[in-house]
Protein chains: 4
Amino acid sequence: MITLDYQSRTPIYEQIVNEIERYISLGILKAEEQLPSIREFAMTLGINPNTVKKAYEELERRGSITVISTKGTFVSKNIGGVSQRKIKETIEKIRDEIRELEKLGISKEEIIKKL
Amino acid sequence: MITLDYQSRTPIYEQIVNEIERYISLGILKAEEQLPSIREFAMTLGINPNTVKKAYEELERRGSITVISTKGTFVSKNIGGVSQRKIKETIEKIRDEIRELEKLGISKEEIIKKL
Amino acid sequence: MITLDYQSRTPIYEQIVNEIERYISLGILKAEEQLPSIREFAMTLGINPNTVKKAYEELERRGSITVISTKGTFVSKNIGGVSQRKIKETIEKIRDEIRELEKLGISKEEIIKKL
Amino acid sequence: MITLDYQSRTPIYEQIVNEIERYISLGILKAEEQLPSIREFAMTLGINPNTVKKAYEELERRGSITVISTKGTFVSKNIGGVSQRKIKETIEKIRDEIRELEKLGISKEEIIKKL
DNA sequence: GTGGTCTAGACCACA
DNA sequence: GTGGTCTAGACCACA
């Protein structure tokens, strides 16, 4: 269900992180839901288990998922944070880009029209 | 006049590409204006000539500059394209991100308020 | 399997580009086939890895090969284009040269006879 | 009357050589006709006199023109050779390219049709 | 002086 | 192991 772009400059493990957080934000992955095991996920995606492991580690560091050693990997209980962080980051990006456009001589009204 | 971020994930040569295109878009660099020679620019930035060369190659490929062997490197005659390409790309990025926000359940009005 | 001419005006990296595209056109290299790694190829040819890298970059730009970081370098899926491009370019060159000959007062019949 | 391509890989001096030989072959420049002086020609083309000098030297080496020290530079008396050499070279180039096309699996008949 | 090519490497992230 | 970036520099043709 995750499509990877091997040409992209974004590393594979990071693409996985992004996609999983997107699914969490969208409610496709729900709180406390179990994620596939590293090996299984790696098989499905046709990639190296180390890559999935790295993605899971990053997701845990961010608090998006929880790894329980012998039980498996689960979406965190407190999911609201994930979604809100995504929103904040996205809003901030848009702000930066609008600033860029203004520097290029385009007024806010023009930008809104174009959107 | 260009500041480089050596910590950034964006490679140095690409930072140069971005900065020069930004200067062109902003009108700081004008059509047919001569750019510093590879060696000179490398000295100024404190980097290796090959890195500047790589940036110039990419800029030429994009049509932003014109390299004339033994004469030097010049901003292209047709500069409008550079600025317009930047604008289009930026607008497209913003559109994608707004779509993303809408998927996360935020209405356009809310987005505009936040901006 | 590639022989390089160090005396030639055509740079080494371009000779590599030409030879690989020739092999693709001839069907010697097949779609999705893996090419030697940069280092390996450099060793085989007795040249510097950077030179092979430059050739691969150009080939990728032309769509003849696909470079996937950490995985390797592969002949593109869509190979037909490579061969057709070669043919078109060659036909066009011949046309130009025939025109040139006609300007020099040689009729088409004479040209065909000579060929 | 000569247009130079500064982007081309063919050096400027060689472009001049080619163009002048073309003019000679076409009869635009006639036997014993005087060519512009190095300085004058350089001015007209907007290039460095050394470049014109180099072109004239090459043309003289090939026997296409004759430099008479204090008098000036003249198209050679025996012009036939220039034209014939051009023709031979061009025919040879076409032969090579047809060979290339045949290797790509295109028959002579197909090539003739396309031309 | 200018860009073009190439060598010989080092160091890096990623898989 | 794979490609990506960068350094430090040499040598070249050309203008």
# chains A, B, ... in the order shown; residues from 1 in each chain; ligands from 1
call {"tool": "residues_around", "arguments": {"residues": "D:Tyr56", "least_positions_apart": "2", "cutoff": "10 Å", "atoms": "only C-alpha atoms (C1' of nucleotides)", "output": "PyMOL selection string"}}
result
chain D and resi 13-14+16-17+20+35+37-38+50-54+58-62+64-67+73
call {"tool": "calpha_fit_and_write", "arguments": {"fixed": "chain A", "moving": "chain C", "output": "compact mmCIF listing (two decimals) with C-alpha atoms, in the first residue's frame"}}
result
# COMPACT_ATOMS: atom_id res chain seq x y z
CA MET C 1 -0.01 -0.69 0.39
CA ILE C 2 3.00 1.58 0.32
CA THR C 3 4.63 2.32 -3.01
CA LEU C 4 8.29 3.13 -3.00
CA ASP C 5 10.14 5.29 -5.45
CA TYR C 6 13.66 3.94 -5.79
CA GLN C 7 14.71 6.81 -8.05
CA SER C 8 13.71 9.45 -5.55
CA ARG C 9 16.27 11.41 -3.62
CA THR C 10 14.24 10.75 -0.51
CA PRO C 11 15.69 7.59 1.02
CA ILE C 12 13.46 4.55 1.19
CA TYR C 13 13.34 4.50 4.97
CA GLU C 14 12.18 8.11 4.95
CA GLN C 15 9.51 7.37 2.37
CA ILE C 16 8.22 4.72 4.74
CA VAL C 17 8.25 7.18 7.63
CA ASN C 18 6.30 9.71 5.58
CA GLU C 19 3.77 7.21 4.31
CA ILE C 20 3.07 5.74 7.72
CA GLU C 21 2.64 9.17 9.25
CA ARG C 22 0.35 10.07 6.38
CA TYR C 23 -1.73 6.96 7.02
CA ILE C 24 -1.90 7.83 10.70
CA SER C 25 -2.95 11.41 9.94
CA LEU C 26 -5.57 10.19 7.52
CA GLY C 27 -6.98 7.78 10.06
CA ILE C 28 -6.14 4.75 7.96
CA LEU C 29 -3.86 3.57 10.71
CA LYS C 30 -5.50 3.89 14.10
CA ALA C 31 -4.17 4.36 17.61
CA GLU C 32 -2.66 1.23 19.15
CA GLU C 33 -3.09 -0.70 15.92
CA GLN C 34 -0.32 -3.19 15.30
CA LEU C 35 2.00 -2.58 12.39
CA PRO C 36 3.47 -5.43 10.37
CA SER C 37 6.57 -6.95 11.92
CA ILE C 38 9.89 -5.75 10.58
CA ARG C 39 10.49 -8.97 8.67
CA GLU C 40 6.99 -9.23 7.29
CA PHE C 41 6.94 -5.62 6.15
CA ALA C 42 10.35 -6.02 4.57
CA MET C 43 9.11 -9.04 2.64
CA THR C 44 5.99 -7.21 1.46
CA LEU C 45 7.96 -4.20 0.30
CA GLY C 46 10.70 -6.33 -1.17
CA ILE C 47 13.41 -4.60 0.84
CA ASN C 48 15.85 -5.46 3.57
CA PRO C 49 14.66 -5.72 7.18
CA ASN C 50 17.29 -3.22 8.26
CA THR C 51 15.66 -0.55 6.14
CA VAL C 52 12.29 -1.12 7.76
CA LYS C 53 14.01 -1.14 11.13
CA LYS C 54 15.50 2.27 10.40
CA ALA C 55 12.08 3.64 9.47
CA TYR C 56 10.51 2.24 12.63
CA GLU C 57 13.31 3.72 14.74
CA GLU C 58 12.70 7.15 13.28
CA LEU C 59 8.96 6.85 13.75
CA GLU C 60 9.47 5.84 17.36
CA ARG C 61 11.79 8.76 17.95
CA ARG C 62 9.06 11.06 16.67
CA GLY C 63 6.53 9.44 18.97
CA SER C 64 4.37 8.18 16.13
CA ILE C 65 4.77 4.51 16.97
CA THR C 66 5.79 2.41 19.95
CA VAL C 67 8.11 -0.54 19.59
CA ILE C 68 7.81 -3.28 22.18
CA SER C 69 10.51 -5.89 21.89
CA THR C 70 9.25 -9.41 21.31
CA LYS C 71 5.67 -8.16 21.13
CA GLY C 72 5.61 -6.02 18.04
CA THR C 73 5.23 -2.48 16.79
CA PHE C 74 2.17 -0.35 17.43
CA VAL C 75 0.76 3.01 16.42
CA SER C 76 1.05 5.32 19.41
CA LYS C 77 -1.88 6.01 21.70
CA ASN C 78 -1.56 9.72 21.31
CA ILE C 79 -2.11 10.09 17.60
CA GLY C 80 -3.45 13.62 17.50
CA GLY C 81 0.06 14.96 17.75
CA VAL C 82 1.16 13.32 14.53
CA SER C 83 -1.56 14.92 12.47
CA GLN C 84 -1.16 18.30 14.13
CA ARG C 85 2.58 18.27 13.63
CA LYS C 86 2.08 17.53 9.94
CA ILE C 87 -0.40 20.39 9.63
CA LYS C 88 1.81 22.86 11.44
CA GLU C 89 4.82 21.97 9.36
CA THR C 90 2.88 22.26 6.13
CA ILE C 91 1.33 25.61 7.08
CA GLU C 92 4.77 26.89 7.98
CA LYS C 93 6.18 25.78 4.65
CA ILE C 94 3.39 27.52 2.77
CA ARG C 95 3.98 30.70 4.76
CA ASP C 96 7.66 30.67 3.84
CA GLU C 97 6.85 30.18 0.20
CA ILE C 98 4.29 32.96 0.16
CA ARG C 99 6.87 35.27 1.74
CA GLU C 100 9.24 34.23 -1.00
CA LEU C 101 6.66 35.08 -3.65
CA GLU C 102 5.98 38.44 -2.07
CA LYS C 103 9.67 39.23 -2.21
CA LEU C 104 9.48 38.47 -5.91
CA GLY C 105 6.91 41.25 -6.18
CA ILE C 106 3.68 39.28 -6.22
CA SER C 107 0.88 40.52 -3.99
CA LYS C 108 -1.17 38.25 -1.77
CA GLU C 109 -4.22 38.77 -3.94
CA GLU C 110 -2.38 37.62 -7.02
CA ILE C 111 -1.15 34.55 -5.17
CA ILE C 112 -4.64 33.62 -4.00
CA LYS C 113 -5.94 34.04 -7.53
CA LYS C 114 -3.31 31.70 -8.87
CA LEU C 115 -4.13 29.02 -6.33
call {"tool": "residues_around", "arguments": {"residues": "F:DC11", "least_positions_apart": "2", "cutoff": "10 Å", "atoms": "only C-alpha atoms (C1' of nucleotides)", "output": "list in words"}}
result
DT5 and DC6 of chain E; DG9 of chain F
call {"tool": "interface_residues", "arguments": {"of": "chain F", "to": "chain C", "cutoff": "9 Å", "atoms": "only C-alpha atoms (C1' of nucleotides)", "output": "list of chain:residue names"}}
result
F:DG1, F:DT2, F:DG3, F:DG4
call {"tool": "select_by_dssp", "arguments": {"residues": "chain B", "states": "strand (DSSP E)", "output": "list of chain:residue names"}}
result
B:Gln34, B:Leu35, B:Ile65, B:Thr66, B:Val67, B:Ile68, B:Gly72, B:Thr73, B:Phe74, B:Val75
call {"tool": "write_last_selection", "arguments": {"atoms": "C-alpha atoms", "output": "PDB file, in the first residue's frame"}}
result
ATOM      1  CA  GLN B  34      28.840  37.836 -16.763  1.00  0.00           C
ATOM      2  CA  LEU B  35      29.150  35.522 -13.800  1.00  0.00           C
ATOM      3  CA  ILE B  65      23.068  30.521 -17.905  1.00  0.00           C
ATOM      4  CA  THR B  66      25.225  30.143 -20.982  1.00  0.00           C
ATOM      5  CA  VAL B  67      28.767  28.881 -20.798  1.00  0.00           C
ATOM      6  CA  ILE B  68      31.111  29.967 -23.541  1.00  0.00           C
ATOM      7  CA  GLY B  72      33.237  33.032 -19.621  1.00  0.00           C
ATOM      8  CA  THR B  73      29.842  32.304 -18.154  1.00  0.00           C
ATOM      9  CA  PHE B  74      26.829  34.512 -18.687  1.00  0.00           C
ATOM     10  CA  VAL B  75      23.253  34.817 -17.502  1.00  0.00           C
TER      11      VAL B  75
END
call {"tool": "select_by_dssp", "arguments": {"residues": "chain B", "states": "alpha helix (DSSP H)", "output": "number ranges by chain"}}
result
B: 12-26, 38-45, 49-61, 80-103, 108-114
call {"tool": "decode", "arguments": {"residues": "chain F", "atoms": "N, CA and C atoms (P, O5', C5', C4', C3', O3' and C1' of nucleotides)", "output": "PDB file, in the first residue's frame"}}
result
ATOM      1  P    DG F   1      32.623  -4.982  -0.524  1.00  0.00           P
ATOM      2  O5'  DG F   1      31.494  -4.736  -1.608  1.00  0.00           O
ATOM      3  C5'  DG F   1      30.435  -5.653  -1.765  1.00  0.00           C
ATOM      4  C4'  DG F   1      29.275  -4.864  -2.331  1.00  0.00           C
ATOM      5  C3'  DG F   1      29.664  -3.893  -3.434  1.00  0.00           C
ATOM      6  O3'  DG F   1      28.699  -3.971  -4.482  1.00  0.00           O
ATOM      7  C1'  DG F   1      28.599  -2.707  -1.686  1.00  0.00           C
ATOM      8  P    DT F   2      28.888  -3.171  -5.802  1.00  0.00           P
ATOM      9  O5'  DT F   2      28.009  -1.856  -5.628  1.00  0.00           O
ATOM     10  C5'  DT F   2      26.585  -1.934  -5.666  1.00  0.00           C
ATOM     11  C4'  DT F   2      26.020  -0.539  -5.503  1.00  0.00           C
ATOM     12  C3'  DT F   2      26.775   0.506  -6.316  1.00  0.00           C
ATOM     13  O3'  DT F   2      26.104   0.775  -7.530  1.00  0.00           O
ATOM     14  C1'  DT F   2      26.325   1.270  -4.078  1.00  0.00           C
ATOM     15  P    DG F   3      26.826   1.760  -8.540  1.00  0.00           P
ATOM     16  O5'  DG F   3      26.294   3.151  -7.992  1.00  0.00           O
ATOM     17  C5'  DG F   3      24.904   3.424  -8.022  1.00  0.00           C
ATOM     18  C4'  DG F   3      24.599   4.645  -7.175  1.00  0.00           C
ATOM     19  C3'  DG F   3      25.048   5.978  -7.780  1.00  0.00           C
ATOM     20  O3'  DG F   3      24.059   6.944  -7.445  1.00  0.00           O
ATOM     21  C1'  DG F   3      26.025   5.745  -5.685  1.00  0.00           C
ATOM     22  P    DG F   4      24.240   8.490  -7.788  1.00  0.00           P
ATOM     23  O5'  DG F   4      24.787   9.036  -6.398  1.00  0.00           O
ATOM     24  C5'  DG F   4      23.853   9.452  -5.403  1.00  0.00           C
ATOM     25  C4'  DG F   4      24.414  10.643  -4.662  1.00  0.00           C
ATOM     26  C3'  DG F   4      24.876  11.761  -5.604  1.00  0.00           C
ATOM     27  O3'  DG F   4      24.472  13.005  -5.030  1.00  0.00           O
ATOM     28  C1'  DG F   4      26.699  11.033  -4.267  1.00  0.00           C
ATOM     29  P    DT F   5      24.904  14.364  -5.632  1.00  0.00           P
ATOM     30  O5'  DT F   5      26.198  14.699  -4.762  1.00  0.00           O
ATOM     31  C5'  DT F   5      26.033  14.909  -3.373  1.00  0.00           C
ATOM     32  C4'  DT F   5      27.360  15.289  -2.779  1.00  0.00           C
ATOM     33  C3'  DT F   5      28.009  16.515  -3.431  1.00  0.00           C
ATOM     34  O3'  DT F   5      28.115  17.489  -2.416  1.00  0.00           O
ATOM     35  C1'  DT F   5      29.587  14.757  -3.108  1.00  0.00           C
ATOM     36  P    DC F   6      28.529  18.989  -2.726  1.00  0.00           P
ATOM     37  O5'  DC F   6      30.105  18.907  -2.582  1.00  0.00           O
ATOM     38  C5'  DC F   6      30.652  18.564  -1.311  1.00  0.00           C
ATOM     39  C4'  DC F   6      32.130  18.288  -1.459  1.00  0.00           C
ATOM     40  C3'  DC F   6      32.885  19.337  -2.263  1.00  0.00           C
ATOM     41  O3'  DC F   6      33.508  20.226  -1.339  1.00  0.00           O
ATOM     42  C1'  DC F   6      33.661  17.089  -2.641  1.00  0.00           C
ATOM     43  P    DT F   7      34.542  21.349  -1.850  1.00  0.00           P
ATOM     44  O5'  DT F   7      35.928  20.572  -1.745  1.00  0.00           O
ATOM     45  C5'  DT F   7      36.250  19.909  -0.523  1.00  0.00           C
ATOM     46  C4'  DT F   7      37.606  19.266  -0.645  1.00  0.00           C
ATOM     47  C3'  DT F   7      38.696  20.208  -1.184  1.00  0.00           C
ATOM     48  O3'  DT F   7      39.824  20.114  -0.334  1.00  0.00           O
ATOM     49  C1'  DT F   7      38.644  18.189  -2.424  1.00  0.00           C
ATOM     50  P    DA F   8      40.891  21.294  -0.243  1.00  0.00           P
ATOM     51  O5'  DA F   8      41.986  20.816  -1.285  1.00  0.00           O
ATOM     52  C5'  DA F   8      42.634  19.558  -1.081  1.00  0.00           C
ATOM     53  C4'  DA F   8      43.537  19.296  -2.264  1.00  0.00           C
ATOM     54  C3'  DA F   8      44.069  20.583  -2.921  1.00  0.00           C
ATOM     55  O3'  DA F   8      45.458  20.438  -3.121  1.00  0.00           O
ATOM     56  C1'  DA F   8      43.101  19.176  -4.542  1.00  0.00           C
ATOM     57  P    DG F   9      46.350  21.693  -3.489  1.00  0.00           P
ATOM     58  O5'  DG F   9      46.548  21.382  -5.031  1.00  0.00           O
ATOM     59  C5'  DG F   9      46.938  20.037  -5.339  1.00  0.00           C
ATOM     60  C4'  DG F   9      46.568  19.693  -6.730  1.00  0.00           C
ATOM     61  C3'  DG F   9      47.061  20.685  -7.781  1.00  0.00           C
ATOM     62  O3'  DG F   9      48.286  20.187  -8.284  1.00  0.00           O
ATOM     63  C1'  DG F   9      45.044  19.529  -8.367  1.00  0.00           C
ATOM     64  P    DA F  10      49.196  21.021  -9.252  1.00  0.00           P
ATOM     65  O5'  DA F  10      49.165  20.101 -10.568  1.00  0.00           O
ATOM     66  C5'  DA F  10      49.240  18.685 -10.428  1.00  0.00           C
ATOM     67  C4'  DA F  10      48.878  18.070 -11.767  1.00  0.00           C
ATOM     68  C3'  DA F  10      49.461  18.857 -12.929  1.00  0.00           C
ATOM     69  O3'  DA F  10      50.217  17.997 -13.776  1.00  0.00           O
ATOM     70  C1'  DA F  10      47.084  18.562 -13.192  1.00  0.00           C
ATOM     71  P    DC F  11      51.145  18.601 -14.914  1.00  0.00           P
ATOM     72  O5'  DC F  11      50.181  18.534 -16.181  1.00  0.00           O
ATOM     73  C5'  DC F  11      49.551  17.316 -16.542  1.00  0.00           C
ATOM     74  C4'  DC F  11      48.585  17.619 -17.673  1.00  0.00           C
ATOM     75  C3'  DC F  11      49.158  18.623 -18.678  1.00  0.00           C
ATOM     76  O3'  DC F  11      49.091  18.058 -19.981  1.00  0.00           O
ATOM     77  C1'  DC F  11      46.977  19.246 -17.996  1.00  0.00           C
ATOM     78  P    DC F  12      49.707  18.820 -21.227  1.00  0.00           P
ATOM     79  O5'  DC F  12      48.383  19.213 -22.019  1.00  0.00           O
ATOM     80  C5'  DC F  12      47.307  18.265 -22.100  1.00  0.00           C
ATOM     81  C4'  DC F  12      46.095  18.955 -22.712  1.00  0.00           C
ATOM     82  C3'  DC F  12      46.485  20.038 -23.697  1.00  0.00           C
ATOM     83  O3'  DC F  12      46.274  19.579 -25.012  1.00  0.00           O
ATOM     84  C1'  DC F  12      44.736  20.761 -22.197  1.00  0.00           C
ATOM     85  P    DA F  13      46.655  20.531 -26.218  1.00  0.00           P
ATOM     86  O5'  DA F  13      45.251  21.229 -26.495  1.00  0.00           O
ATOM     87  C5'  DA F  13      44.082  20.451 -26.689  1.00  0.00           C
ATOM     88  C4'  DA F  13      42.944  21.403 -26.996  1.00  0.00           C
ATOM     89  C3'  DA F  13      43.284  22.368 -28.132  1.00  0.00           C
ATOM     90  O3'  DA F  13      42.106  22.542 -28.904  1.00  0.00           O
ATOM     91  C1'  DA F  13      42.869  23.605 -26.131  1.00  0.00           C
ATOM     92  P    DC F  14      42.047  23.424 -30.164  1.00  0.00           P
ATOM     93  O5'  DC F  14      41.533  24.808 -29.595  1.00  0.00           O
ATOM     94  C5'  DC F  14      40.316  24.813 -28.866  1.00  0.00           C
ATOM     95  C4'  DC F  14      40.086  26.186 -28.288  1.00  0.00           C
ATOM     96  C3'  DC F  14      40.290  27.331 -29.271  1.00  0.00           C
ATOM     97  O3'  DC F  14      39.058  28.000 -29.369  1.00  0.00           O
ATOM     98  C1'  DC F  14      41.325  27.792 -27.175  1.00  0.00           C
ATOM     99  P    DA F  15      38.842  29.243 -30.269  1.00  0.00           P
ATOM    100  O5'  DA F  15      39.214  30.404 -29.265  1.00  0.00           O
ATOM    101  C5'  DA F  15      38.396  30.578 -28.123  1.00  0.00           C
ATOM    102  C4'  DA F  15      38.691  31.940 -27.502  1.00  0.00           C
ATOM    103  C3'  DA F  15      38.811  33.055 -28.527  1.00  0.00           C
ATOM    104  O3'  DA F  15      38.178  34.203 -27.978  1.00  0.00           O
ATOM    105  C1'  DA F  15      40.813  32.884 -27.275  1.00  0.00           C
TER     106       DA F  15
END
